[in-house]
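**Student:** So here's work.txt, just compact mmCIF, C-alpha atoms:
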# COMPACT_ATOMS: atom_id res chain seq x y z
CA MET A 296 42.80 -3.05 -34.90
CA ASN A 297 41.60 -6.41 -33.72
CA ARG A 298 37.92 -5.80 -33.38
CA ARG A 299 35.83 -8.89 -32.49
CA ALA A 300 32.11 -8.85 -32.59
CA GLY A 301 30.50 -9.93 -29.24
CA LEU A 302 27.09 -11.40 -28.51
CA THR A 303 24.14 -9.11 -28.56
CA PHE A 304 22.00 -8.72 -25.44
CA VAL A 305 19.11 -10.62 -27.03
CA GLU A 306 21.38 -13.53 -27.94
CA LEU A 307 22.75 -13.63 -24.44
CA LEU A 308 19.25 -13.50 -22.96
CA MET A 309 18.03 -16.31 -25.19
CA ALA A 310 21.05 -18.46 -24.43
CA ALA A 311 20.59 -17.91 -20.70
CA THR A 312 16.89 -18.76 -20.95
CA LEU A 313 17.57 -21.93 -22.91
CA CYS A 314 20.29 -22.95 -20.47
CA SER A 315 17.95 -22.31 -17.53
CA ILE A 316 15.19 -24.40 -19.04
CA LEU A 317 17.64 -27.20 -19.73
CA MET A 318 19.09 -27.02 -16.24
CA VAL A 319 15.65 -27.05 -14.62
CA GLY A 320 14.78 -30.18 -16.58
CA LEU A 321 18.06 -31.86 -15.78
CA VAL A 322 17.96 -30.99 -12.08
CA GLY A 323 14.36 -32.16 -11.86
CA HIS A 324 15.28 -35.49 -13.37
CA LEU A 325 18.32 -35.79 -11.18
CA ARG A 326 16.28 -35.13 -8.05
CA GLY A 327 13.64 -37.59 -9.19
CA GLY A 328 16.32 -40.16 -9.85
CA VAL A 329 17.92 -39.69 -6.46
CA ALA A 330 14.53 -39.90 -4.73
CA ALA A 331 13.64 -43.06 -6.66
CA TRP A 332 17.00 -44.61 -5.87
CA ARG A 333 16.61 -43.76 -2.18
CA ARG A 334 13.10 -45.21 -2.05
CA THR A 335 14.22 -48.34 -3.85
CA THR A 336 17.16 -48.80 -1.49
CA GLU A 337 15.04 -48.28 1.62
CA ALA A 338 12.32 -50.61 0.43
CA THR A 339 14.82 -53.27 -0.55
CA GLU A 340 16.53 -52.99 2.81
CA GLU A 341 13.19 -53.31 4.56
CA LEU A 342 12.40 -56.42 2.54
CA GLN A 343 15.78 -57.89 3.42
CA TRP A 344 15.34 -57.15 7.13
CA ALA A 345 11.85 -58.65 7.05
CA ARG A 346 13.00 -61.80 5.27
CA GLY A 347 16.01 -62.26 7.53
CA THR A 348 14.00 -61.69 10.70
CA PHE A 349 11.10 -63.95 9.81
CA GLU A 350 13.48 -66.66 8.61
CA ARG A 351 15.41 -66.51 11.88
CA LEU A 352 12.18 -66.59 13.86
CA ARG A 353 10.92 -69.52 11.83
CA GLN A 354 14.12 -71.47 12.40
CA ASP A 355 14.15 -70.72 16.14
CA LEU A 356 10.51 -71.60 16.64
CA ALA A 357 10.82 -74.76 14.55
CA ASN A 358 13.41 -75.95 17.08
CA ALA A 359 11.61 -74.65 20.19
CA VAL A 360 11.16 -77.15 23.01
CA MET A 361 9.63 -77.18 26.47
CA LEU A 362 12.77 -78.17 28.33
CA ASP A 363 11.75 -77.80 31.93
CA ALA A 364 8.09 -77.37 32.79
CA ARG A 365 8.58 -77.45 36.57
CA PRO A 366 7.40 -74.35 38.46
CA GLU A 367 10.83 -74.08 40.12
CA ALA A 368 12.68 -74.14 36.80
CA PRO A 369 15.34 -71.39 36.70
CA LEU A 370 14.40 -70.28 33.19
CA LYS A 371 10.70 -70.34 32.51
CA PRO A 372 9.48 -69.90 28.95
CA SER A 373 7.06 -67.04 28.55
CA PHE A 374 4.87 -66.04 25.66
CA THR A 375 3.31 -62.63 26.11
CA SER A 376 1.83 -59.98 23.85
CA GLU A 377 5.11 -58.03 23.80
CA GLY A 378 7.61 -60.79 23.24
CA MET A 379 8.63 -64.31 24.04
CA GLN A 380 11.45 -66.33 25.52
CA PHE A 381 11.98 -70.05 25.24
CA HIS A 382 14.50 -72.87 24.88
CA LEU A 383 15.46 -74.29 21.55
CA VAL A 384 17.56 -77.23 20.49
CA ARG A 385 20.15 -76.35 17.91
CA PRO A 386 20.78 -79.45 15.81
CA ALA A 387 24.32 -80.74 15.52
CA SER A 388 26.19 -79.12 12.67
CA PRO A 389 26.74 -81.36 9.66
CA PRO A 390 30.05 -83.22 9.46
CA VAL A 391 32.89 -81.17 8.10
CA ALA A 392 35.49 -83.08 6.15
CA GLY A 393 39.04 -82.08 5.56
CA SER A 394 41.25 -81.62 8.56
CA ALA A 395 44.95 -82.21 8.13
CA ARG A 396 44.66 -85.63 9.74
CA GLY A 397 41.80 -86.59 7.52
CA VAL A 398 39.41 -86.67 10.45
CA THR A 399 35.78 -86.18 9.58
CA GLY A 400 33.62 -84.70 12.24
CA GLY A 401 31.22 -81.99 13.28
CA SER A 402 31.58 -79.29 15.90
CA GLY A 403 29.74 -81.38 18.44
CA GLY A 404 26.29 -82.59 19.35
CA ALA A 405 23.06 -80.71 19.58
CA THR A 406 23.06 -77.69 21.85
CA VAL A 407 20.33 -76.08 23.91
CA GLU A 408 19.93 -72.30 23.70
CA TRP A 409 17.82 -69.83 25.59
CA VAL A 410 16.51 -67.09 23.33
CA SER A 411 14.28 -64.09 23.81
CA TYR A 412 12.59 -61.77 21.35
CA ARG A 413 11.52 -58.29 22.37
CA VAL A 414 11.57 -54.69 21.25
CA GLY A 415 13.92 -52.43 23.16
CA PRO A 416 16.25 -49.48 22.78
CA ALA A 417 18.97 -50.05 20.19
CA PRO A 418 22.46 -50.40 21.71
CA ASN A 419 23.74 -47.48 19.63
CA GLY A 420 21.05 -45.26 21.15
CA GLN A 421 19.31 -44.67 17.83
CA GLY A 422 15.65 -45.50 18.36
CA THR A 423 14.34 -48.96 19.04
CA ALA A 424 15.00 -52.34 17.51
CA LEU A 425 13.83 -55.93 17.54
CA ILE A 426 16.34 -57.66 19.78
CA ARG A 427 17.07 -61.37 19.93
CA GLN A 428 18.99 -62.31 23.05
CA GLY A 429 20.92 -59.04 23.15
CA GLU A 430 21.59 -58.95 19.42
CA VAL A 431 19.86 -56.43 17.18
CA LEU A 432 17.83 -58.40 14.70
CA TRP A 433 16.00 -55.55 13.01
CA PRO A 434 16.80 -51.88 13.70
CA GLY A 435 13.97 -49.39 13.44
CA VAL A 436 11.24 -51.68 14.78
CA ARG A 437 8.91 -49.62 16.95
CA ALA A 438 6.64 -52.31 18.36
CA LEU A 439 6.13 -56.04 18.37
CA SER A 440 2.70 -57.45 19.00
CA VAL A 441 2.35 -61.19 19.53
CA ARG A 442 -0.80 -63.29 19.66
CA TYR A 443 -1.26 -67.01 20.06
CA GLY A 444 -3.64 -69.26 18.19
CA SER A 445 -6.29 -71.32 19.96
CA LEU A 446 -9.49 -73.04 18.93
CA SER A 447 -12.84 -71.45 19.66
CA SER A 448 -15.18 -73.12 22.15
CA GLY A 449 -16.91 -74.87 19.24
CA GLY A 450 -13.56 -76.21 18.19
CA SER A 451 -13.80 -75.31 14.52
CA ALA A 452 -12.64 -71.69 14.33
CA LEU A 453 -9.30 -70.17 15.10
CA THR A 454 -9.12 -67.39 17.68
CA TRP A 455 -6.16 -65.36 18.84
CA VAL A 456 -5.27 -64.63 22.45
CA SER A 457 -2.74 -62.08 23.68
CA SER A 458 -0.86 -64.32 26.10
CA TRP A 459 -0.16 -67.99 26.46
CA PRO A 460 -0.85 -69.05 30.05
CA ASP A 461 -0.01 -72.75 29.77
CA ALA A 462 3.48 -73.01 31.21
CA THR A 463 3.75 -76.68 30.38
CA LYS A 464 3.12 -76.59 26.65
CA LEU A 465 4.25 -74.51 23.72
CA PRO A 466 1.75 -72.70 21.50
CA LYS A 467 1.26 -74.07 18.00
CA LEU A 468 0.58 -70.83 16.13
CA ILE A 469 2.23 -67.50 16.82
CA GLU A 470 1.10 -64.34 15.05
CA LEU A 471 3.67 -61.56 14.95
CA THR A 472 2.79 -58.02 13.97
CA ILE A 473 5.83 -55.83 13.54
CA ASP A 474 5.54 -52.05 13.38
CA VAL A 475 8.50 -50.61 11.50
CA GLU A 476 9.53 -46.95 11.34
CA GLY A 477 8.53 -45.38 8.04
CA ALA A 478 6.79 -48.52 6.81
CA SER A 479 3.52 -50.29 7.16
CA GLN A 480 2.90 -53.04 9.68
CA LEU A 481 4.03 -56.53 8.78
CA ARG A 482 2.11 -59.60 9.93
CA GLN A 483 3.33 -63.17 9.83
CA VAL A 484 2.10 -66.39 11.37
CA VAL A 485 4.82 -68.82 12.48
CA VAL A 486 4.32 -72.45 13.49
CA ILE A 487 5.93 -74.34 16.36
CA PRO A 488 5.75 -77.96 15.18
CA SER A 489 5.88 -79.33 18.73
CA GLY A 490 3.25 -76.85 19.98
CA THR A 491 -0.41 -77.36 20.73
CA LEU A 492 -3.57 -75.66 19.56
CA GLN A 493 -5.77 -75.74 22.61
CA PRO A 494 -9.45 -74.92 22.72
CA SER A 495 -10.33 -71.65 24.37
CA ASP A 496 -13.52 -71.08 26.31
CA GLY A 497 -14.99 -67.63 25.77
CA LYS A 498 -14.09 -65.28 28.64
CA THR A 499 -10.91 -66.94 29.82
CA PRO A 500 -9.10 -68.24 26.78
CA LEU A 501 -7.35 -71.56 27.19
CA MET B 274 45.46 -29.05 -43.33
CA LEU B 275 46.57 -27.68 -40.01
CA ARG B 276 45.28 -24.35 -40.91
CA SER B 277 41.87 -25.62 -41.89
CA LYS B 278 41.65 -27.54 -38.58
CA ARG B 279 42.49 -24.41 -36.64
CA ALA B 280 39.97 -22.55 -38.65
CA CYS B 281 37.37 -25.15 -37.78
CA LEU B 282 38.24 -25.08 -34.05
CA PHE B 283 38.13 -21.34 -33.79
CA SER B 284 35.31 -20.76 -36.18
CA ARG B 285 33.07 -17.99 -35.04
CA GLN B 286 30.04 -19.26 -36.83
CA ALA B 287 26.95 -19.74 -34.65
CA PHE B 288 25.00 -22.99 -34.41
CA LEU B 289 22.51 -23.70 -37.11
CA LEU B 290 18.87 -24.14 -36.16
CA VAL B 291 19.13 -27.78 -37.23
CA GLU B 292 22.10 -28.35 -34.93
CA ALA B 293 20.34 -26.75 -32.00
CA THR B 294 17.17 -28.73 -32.68
CA LEU B 295 19.12 -31.97 -32.95
CA THR B 296 20.90 -31.30 -29.67
CA ALA B 297 17.62 -30.56 -27.94
CA ALA B 298 16.11 -33.72 -29.43
CA VAL B 299 19.02 -35.87 -28.24
CA ILE B 300 18.78 -34.42 -24.74
CA ALA B 301 15.01 -34.94 -24.72
CA VAL B 302 15.37 -38.56 -25.80
CA GLY B 303 17.98 -39.10 -23.07
CA LEU B 304 15.67 -37.62 -20.44
CA VAL B 305 12.79 -39.76 -21.64
CA PHE B 306 14.91 -42.90 -21.30
CA ILE B 307 16.04 -41.88 -17.83
CA SER B 308 12.41 -41.25 -16.83
CA ARG B 309 11.32 -44.60 -18.20
CA GLY B 310 14.13 -46.32 -16.35
CA MET B 311 13.09 -44.73 -13.09
CA ALA B 312 9.43 -45.56 -13.67
CA THR B 313 10.30 -49.18 -14.43
CA SER B 314 12.42 -49.40 -11.31
CA LEU B 315 9.62 -48.06 -9.13
CA HIS B 316 7.05 -50.31 -10.79
CA THR B 317 9.25 -53.37 -10.25
CA LEU B 318 9.75 -52.42 -6.63
CA SER B 319 6.02 -51.98 -6.17
CA ARG B 320 5.36 -55.42 -7.67
CA LEU B 321 8.07 -56.98 -5.53
CA ARG B 322 6.50 -55.58 -2.38
CA GLN B 323 3.07 -56.71 -3.53
CA GLN B 324 4.33 -60.24 -4.11
CA GLU B 325 6.11 -60.24 -0.76
CA VAL B 326 2.89 -59.27 1.02
CA LEU B 327 0.90 -61.88 -0.91
CA LEU B 328 3.44 -64.60 -0.12
CA ARG B 329 3.56 -63.70 3.57
CA LEU B 330 -0.23 -63.71 3.77
CA ALA B 331 -0.47 -67.01 1.90
CA GLU B 332 2.10 -68.68 4.17
CA SER B 333 0.30 -67.35 7.25
CA ALA B 334 -3.14 -68.46 6.06
CA MET B 335 -1.79 -71.89 5.10
CA ALA B 336 -0.15 -72.30 8.52
CA GLU B 337 -3.42 -71.36 10.23
CA ARG B 338 -5.54 -73.70 8.09
CA GLU B 339 -3.12 -76.60 8.53
CA ALA B 340 -3.05 -76.18 12.30
CA VAL B 341 -6.84 -76.11 12.51
CA ALA B 342 -7.27 -79.00 10.05
CA GLN B 343 -5.11 -81.21 12.25
CA SER B 344 -7.68 -80.75 15.03
CA VAL B 345 -10.90 -80.41 13.06
CA PRO B 346 -11.14 -81.76 9.47
CA ALA B 347 -11.61 -78.94 7.00
CA PRO B 348 -14.17 -78.70 4.19
CA ASP B 349 -13.03 -78.95 0.56
CA ARG B 350 -13.52 -75.24 0.04
CA GLN B 351 -13.02 -72.42 2.50
CA GLU B 352 -12.63 -68.69 2.19
CA GLY B 353 -12.03 -65.75 4.43
CA ARG B 354 -10.55 -62.31 4.83
CA PHE B 355 -7.48 -61.06 6.58
CA GLU B 356 -7.45 -58.78 9.58
CA ALA B 357 -5.90 -55.31 9.70
CA PRO B 358 -3.49 -54.17 8.34
CA HIS B 359 -4.27 -56.51 5.43
CA GLU B 360 -8.04 -56.15 5.30
CA ALA B 361 -7.84 -55.48 1.54
CA TYR B 362 -6.94 -59.13 0.93
CA GLN B 363 -8.92 -62.36 0.93
CA TRP B 364 -8.05 -66.04 0.75
CA THR B 365 -9.65 -69.12 -0.76
CA LEU B 366 -8.63 -72.70 -0.05
CA THR B 367 -9.64 -75.55 -2.34
CA ALA B 368 -8.78 -79.23 -2.14
CA GLY B 369 -8.63 -81.52 -5.13
CA ALA B 370 -7.43 -84.94 -6.15
CA VAL B 371 -3.76 -85.45 -6.85
CA GLU B 372 -2.42 -86.90 -10.06
CA PRO B 373 -2.58 -90.70 -10.26
CA SER B 374 1.20 -90.86 -10.55
CA VAL B 375 1.48 -89.80 -6.91
CA ALA B 376 1.22 -92.90 -4.78
CA PRO B 377 -1.02 -93.59 -2.97
CA PRO B 378 -3.36 -90.95 -4.48
CA GLU B 379 -6.28 -91.68 -2.14
CA ALA B 380 -4.22 -90.88 0.97
CA ILE B 381 -3.36 -87.33 0.05
CA ARG B 382 -5.10 -84.33 -1.51
CA GLU B 383 -3.72 -81.35 -3.31
CA VAL B 384 -4.64 -78.15 -1.51
CA THR B 385 -4.37 -74.76 -3.18
CA LEU B 386 -4.62 -71.53 -1.25
CA THR B 387 -5.20 -68.40 -3.28
CA VAL B 388 -4.64 -64.95 -1.81
CA SER B 389 -5.94 -61.99 -3.78
CA ARG B 390 -6.81 -58.35 -3.39
CA ILE B 391 -10.53 -57.78 -2.96
CA ASP B 392 -10.59 -54.73 -5.24
CA GLN B 393 -8.17 -56.21 -7.80
CA PRO B 394 -8.72 -59.97 -8.14
CA SER B 395 -5.97 -60.14 -10.77
CA VAL B 396 -3.41 -59.38 -8.05
CA ALA B 397 -3.24 -62.91 -6.68
CA LEU B 398 -0.85 -65.63 -5.59
CA ASN B 399 -1.39 -69.41 -5.37
CA LEU B 400 0.27 -71.62 -2.79
CA THR B 401 -0.10 -75.35 -3.33
CA THR B 402 0.69 -78.16 -0.91
CA LEU B 403 -0.33 -81.72 -0.13
CA TRP B 404 -2.48 -82.64 2.86
CA PRO B 405 -3.30 -86.08 4.22
CA THR B 406 -6.88 -86.98 3.42
CA ASP B 407 -7.86 -87.18 7.10
CA TRP B 408 -7.27 -83.44 7.44
CA LEU B 409 -10.28 -82.95 5.18
CA LYS B 410 -13.93 -83.81 5.64
CA GLU B 411 -15.26 -86.84 3.81
Write out the structure in this file as structure tokens.
**Tutor:**
Amino acid sequence: MNRRAGLTFVELLMAATLCSILMVGLVGHLRGGVAAWRRTTEATEELQWARGTFERLRQDLANAVMLDARPEAPLKPSFTSEGMQFHLVRPASPPVAGSARGVTGGSGGATVEWVSYRVGPAPNGQGTALIRQGEVLWPGVRALSVRYGSLSSGGSALTWVSSWPDATKLPKLIELTIDVEGASQLRQVVVIPSGTLQPSDGKTPL
Amino acid sequence: MLRSKRACLFSRQAFLLVEATLTAAVIAVGLVFISRGMATSLHTLSRLRQQEVLLRLAESAMAEREAVAQSVPAPDRQEGRFEAPHEAYQWTLTAGAVEPSVAPPEAIREVTLTVSRIDQPSVALNLTTLWPTDWLKE
């Protein structure tokens, strides 16, 4: 006779209840942890995209130039409320030492680039993105709103206009408002050092 | 020895109340630490985003003020509010003398721009730069 005493029904019930309570607590914490991790990752990614985009914009606009202001110019810079396109001068890369022959030199002189910023459909077909000259700069951007700084008629206050009509000069201040999916709007003012801040006159700015 | 080990492994004694309580306490402490870790992570993220917004606003306001000051000299103290979506923030710009060690001290002024939340003035960020004196009113 090898008789072994089993658990009573009450013991089993209590053990199951305790296990359930424990599991509920653990699963709750696990779900909270996963949600927190996901939020942290998304927010960090958004911060990284924002930093990268605004830094790129700042660099491009710092080097922006009015290359050809003639009306018949093949590529005319434009600054509208939905985007902008302009020439920039990319400075020569710094000298790189260390070729096999001991030659020290850079990759060449300064280069001129034509760049455009706009919001359009992402190449992979997933929503929209902020696109810089065909390259996705920030996926998930729904809208880009651009305004340009000018001085009020009195000359002491700053006003913003939705388009820059002066085809011969660059704007000095550019305000970008970026609307990102699942996030709040981001606003940043960027300066073009070679730009101008022209006075506006009431009804027809600039 | 072997026998006593086997006896220990296959003991059919139930847990004591103290053992069960200790286990529950250890698990509870673990959960509390996990919760605190998550809360800290979220709080840090929230502060990081807050600082990022403050910095972006401060850089924008400074760029605007500098551009205007190059056309029209600015007063020693200015203040204003931001437009939507940052209407909860305000800025203050003050100009002061630079330290005598900076040469020539009369040609430049130290300008500090403070961005803060209107409802929580303690949430603030200072951005300091140097302006030529002719960007400011006499």
**Student:** Hey, can you check how far atom CA of Glu476 of chain A sits from atom CA of Gly435 of chain A?
**Tutor:**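 Separation between atom CA of Glu476 of chain A and atom CA of Gly435 of chain A: 5.5 Å.
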**Student:** Give me, as number ranges by chain, the residues of chain A touching chain B, with the criterion being at most 8 Å (counting only C-alpha atoms).
**Tutor:** A: 321, 324, 328, 331, 335, 338-339, 342, 446, 450-453, 467-468, 480-486, 492
**Student:** Just checking: using all atoms listed in the file, which residue out of B:Leu328, B:Glu292, B:Ser389, B:Ser374 ends up closest to Gly353 of chain B?
**Tutor:** B:Ser389
**Student:** Which of these residues is nearest to Glu372 of chain B, using only C-alpha atoms: B:Ala397, B:Leu403, B:Leu295, B:Leu327?
**Tutor:** B:Leu403
**Student:** Residues near segment 366-368 of chain B, anyone? I mean within 8 Å using all atoms listed in the file, not counting same-chain ones fewer than 6 positions away, as a list in words.
**Tutor:** Asp349, Arg350, Gln351, Glu352, Arg382, Glu383, Val384, Thr385, Leu386 and Thr387 of chain B
**Student:** Please compute the atom CA of Thr336 of chain A-atom CA of Ala424 of chain A distance, one decimal, in Å.
**Tutor:**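 Taking atom CA of Thr336 of chain A as the start and atom CA of Ala424 of chain A as the end point, the length is 19.4 Å.
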**Student:** Choose the residue, out of A:Ile469, A:Ile316, A:Val407, A:Leu307, that has the smallest atom-to-atom separation from Tyr443 of chain A; count all atoms listed in the file.
**Tutor:**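 Answer, going by the shortest atom-to-atom distance: A:Ile469.
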**Student:** What's the separation between atom CA of Trp344 of chain A and atom CA of Trp433 of chain A, in Å to one decimal place?
**Tutor:**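 For atom CA of Trp344 of chain A relative to atom CA of Trp433 of chain A, the distance reads 6.1 Å.
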**Student:** Nearest to Val475 of chain A among A:Val305, A:Val322, A:Ala345, A:Leu370, with distances taken over only C-alpha atoms: which residue is it?
**Tutor:** A:Ala345
**Student:** Find, counting all atoms listed in the file, the residue in B:Arg354, B:Leu409, B:Pro373, B:Arg309 that gets nearest to Arg390 of chain B.
**Tutor:**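 Counting all atoms listed in the file, the residue closest to Arg390 of chain B is B:Arg354.
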**Student:** Which is closer to Pro460 of chain A than all the others in A:Pro488, A:Pro416, A:Gly347, A:Pro372, using only C-alpha atoms?
**Tutor:**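 Looking only at the distances to Pro460 of chain A, the closest residue turns out to be A:Pro372.
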**Student:** Which protein, DNA or RNA residues are at most 8 Å from (-11.2, -89.7, -5.2) in the file's coordinates when you count only C-alpha atoms, listed as a VMD selection string?
**Tutor:** chain B and resid 370 378 to 379
